Amino acid sequence: MNVFFQVFCAIFSGILTFLAIPNEIFHFGSPLFAMAALVPLYIASREAKSYKNVAALFALDAFTTHMLSSFWLANFKDFAIFTLGASAFGTACIGAMAGCLFFAPFKNPQRIFRKKISRQMISIQCASLSQENINFRVLYFACTRVVYEWAKSTGFLAYPWGTLSMSAFRTKALMQSADIFGVYGITFLFAFISGTLAETILSLRVEKKSAKKEIRHCQLCAITLLACFVIYGAFRLGQERKVLKTLNAVLVQQNRDPWADKDDSESIRTSIELTEKGIKEFADEGTRPDIVVWSEAVLHSSFPNAYIKYSVRPKDRPLIPFIKESNVPFLIGGSFTLDKKRGKHANSALIFDKEGIFRGYYGKTHLVPFAEVIPGAEYPLVSAFMKKVVKISNGWFPGNEFTLFELEADAVEDKGNPPSKIIDLSQDAASAQKPPERTKVRISTPICFEDAFPDICGPFHKLGAEVFLNITDDSWSKTASAEYQHFVVAAFRAIEYRTTLVRSTNSGLTAVVDPTGRILDSIPLFEKSYLCARIPIYKWQETVYSRYTNWFVHLILIFMAFICVRAALRAKNNPRRTTLRECIRAALNEI
């Protein structure tokens, strides 16, 4: 295959993947593009002759997708060299390794048993290089894609954007398998379909009946797999879920540029204005909110010492007295001092009770590499270099524990049974007339892009979290695609753990998502507004994914390791193997 055509295929595959995931054209992505996205890459890599060749193709595909879909990373103030440049390079490296992994079992698949080869033997061997093991090749290609997306979404440098699974949001039935496989079952499905489509296209130039039969088997497998996902998804979507509690919340979307403000006074004033409107809207309906939520990093000064400052600031409307006046608990994004002497501060979710008293915090544990945290910043040379290059010498420090906040909420009556009543004669008549105590709800507060990671939401869920309440600020991206991509990545956590997801953001997407991934309520992007959200709380449940996490990926890794070891042992035992070039050379000699 012509090298230029291979390069074109790899780039074209990256473009199709970009169109499949949420972007400026298709805000929630397109699953149809996802099913065909890897067809060009499969065709190009199928004819690769060396590790170098296939690694370059996979790297080019990964690089193209990243640059087109995550271009907005360049808007992260002065950190573009790291947020976009370094992440693109890292993604390409992971893609190259995935390409080598894909190529390993197929290198030199046939052995020459004779020094002199007949024309018939040549034709058989040459055909086998491109036609043999079609079903296995498609399966292995899909497994390779899963490993690639898992590798780029795991660890310190994890970046779970630009993945095929993101394109499934419009098709809720396909998303439902996330409570079993996580997002990787969807990736496997799309990659398998792409491989099957590629083999179908390539079969048009093949006359061998056995090869066509294999392709038909592959097509049947793809159709069956897709049908299983759709049927399971339809079952889950049709399943009745009973709402046990309702949490009333005012979600504030202030839509301000935090880097443009010299201090946080204007952000606080705007948030107070929107909060008052939200509380009034609840009051007009005869109720009160259970919590008010402001987005990430609204408060610039670090707690607990900053409590005194915000008792008198802003001068015209101090924050702490306003919270006490509102008589509602507040959750606000800000900073908490972990170690004052060493200057360690955590990007935090700060909780205030209805009396305005600061009650605690959750410190973000998964920090953005090279933006919120600098590896090796404790060393003077590293610190001096970073300060000179990007004007920072240190960043946030990770929190040291997972924290849940418990709030009062309304219990939902069971309409299927008659109401019950208990008359307690041990109390006096006045006490007996008091309204019953409200129920409790436990919320977790993943910060910023933490709602994209199961290794953050998973521990929260195991601790008993009944709601994932994310606070974030993506306003710096200045693009709709960045906001939608973050939202779609996060929406899978609701399905994986069958838990309501709430996002209160600075500029979008502020929304409430139910355990099937449906948007119950939201605010348009880049609008100064608020949302009076009635958050449904469902029975806590343990899903297959919440219990065994990435078992599907681990199974694939074991399978691929076995295949690679088997291929290596065969190569060792059979050192002399044919290549396509040897076949052609032998054919010319015969002529």
# chains A, B, ... in the order shown; residues from 1 in each chain; ligands from 1
call {"tool": "residues_around", "arguments": {"residues": "A:Lys152", "least_positions_apart": "4", "cutoff": "12 Å", "atoms": "only C-alpha atoms", "output": "PyMOL selection string"}}
result
chain A and resi 62+66+87-98+145-148+156-163+453
call {"tool": "select_by_dssp", "arguments": {"residues": "stretch 1-226 of chain A", "states": "alpha helix (DSSP H)", "output": "ChimeraX atom specification"}}
result
/A:3-20,31-36,39-46,51-69,80,87-103,119-131,134-152,172-175,178-181,184-202,209-226
call {"tool": "atom_distance", "arguments": {"atom1": "atom CA of A:Ala411", "atom2": "atom CA of A:Lys539"}}
result
12.0 Å
call {"tool": "closest_residue", "arguments": {"among": "A:Gln239, A:Ser69, A:Thr510, A:Ser194", "to": "A:Ile25", "atoms": "only C-alpha atoms"}}
result
A:Ser69
call {"tool": "closest_residue", "arguments": {"among": "A:Thr287, A:Ser271, A:Ser481, A:Asn75", "to": "A:Lys528", "atoms": "only C-alpha atoms"}}
result
A:Ser271
call {"tool": "closest_residue", "arguments": {"among": "A:Ile43, A:Ile471, A:Leu164, A:Cys532", "to": "A:Leu57", "atoms": "only C-alpha atoms"}}
result
A:Ile43
call {"tool": "closest_residue", "arguments": {"among": "A:Arg216, A:His461, A:Arg566, A:Lys315", "to": "A:Arg498", "atoms": "only C-alpha atoms"}}
result
A:His461
call {"tool": "select_by_dssp", "arguments": {"residues": "stretch 190-285 of chain A", "states": "strand (DSSP E or B)", "output": "NGL selection string"}}
result
:A and (243-253)
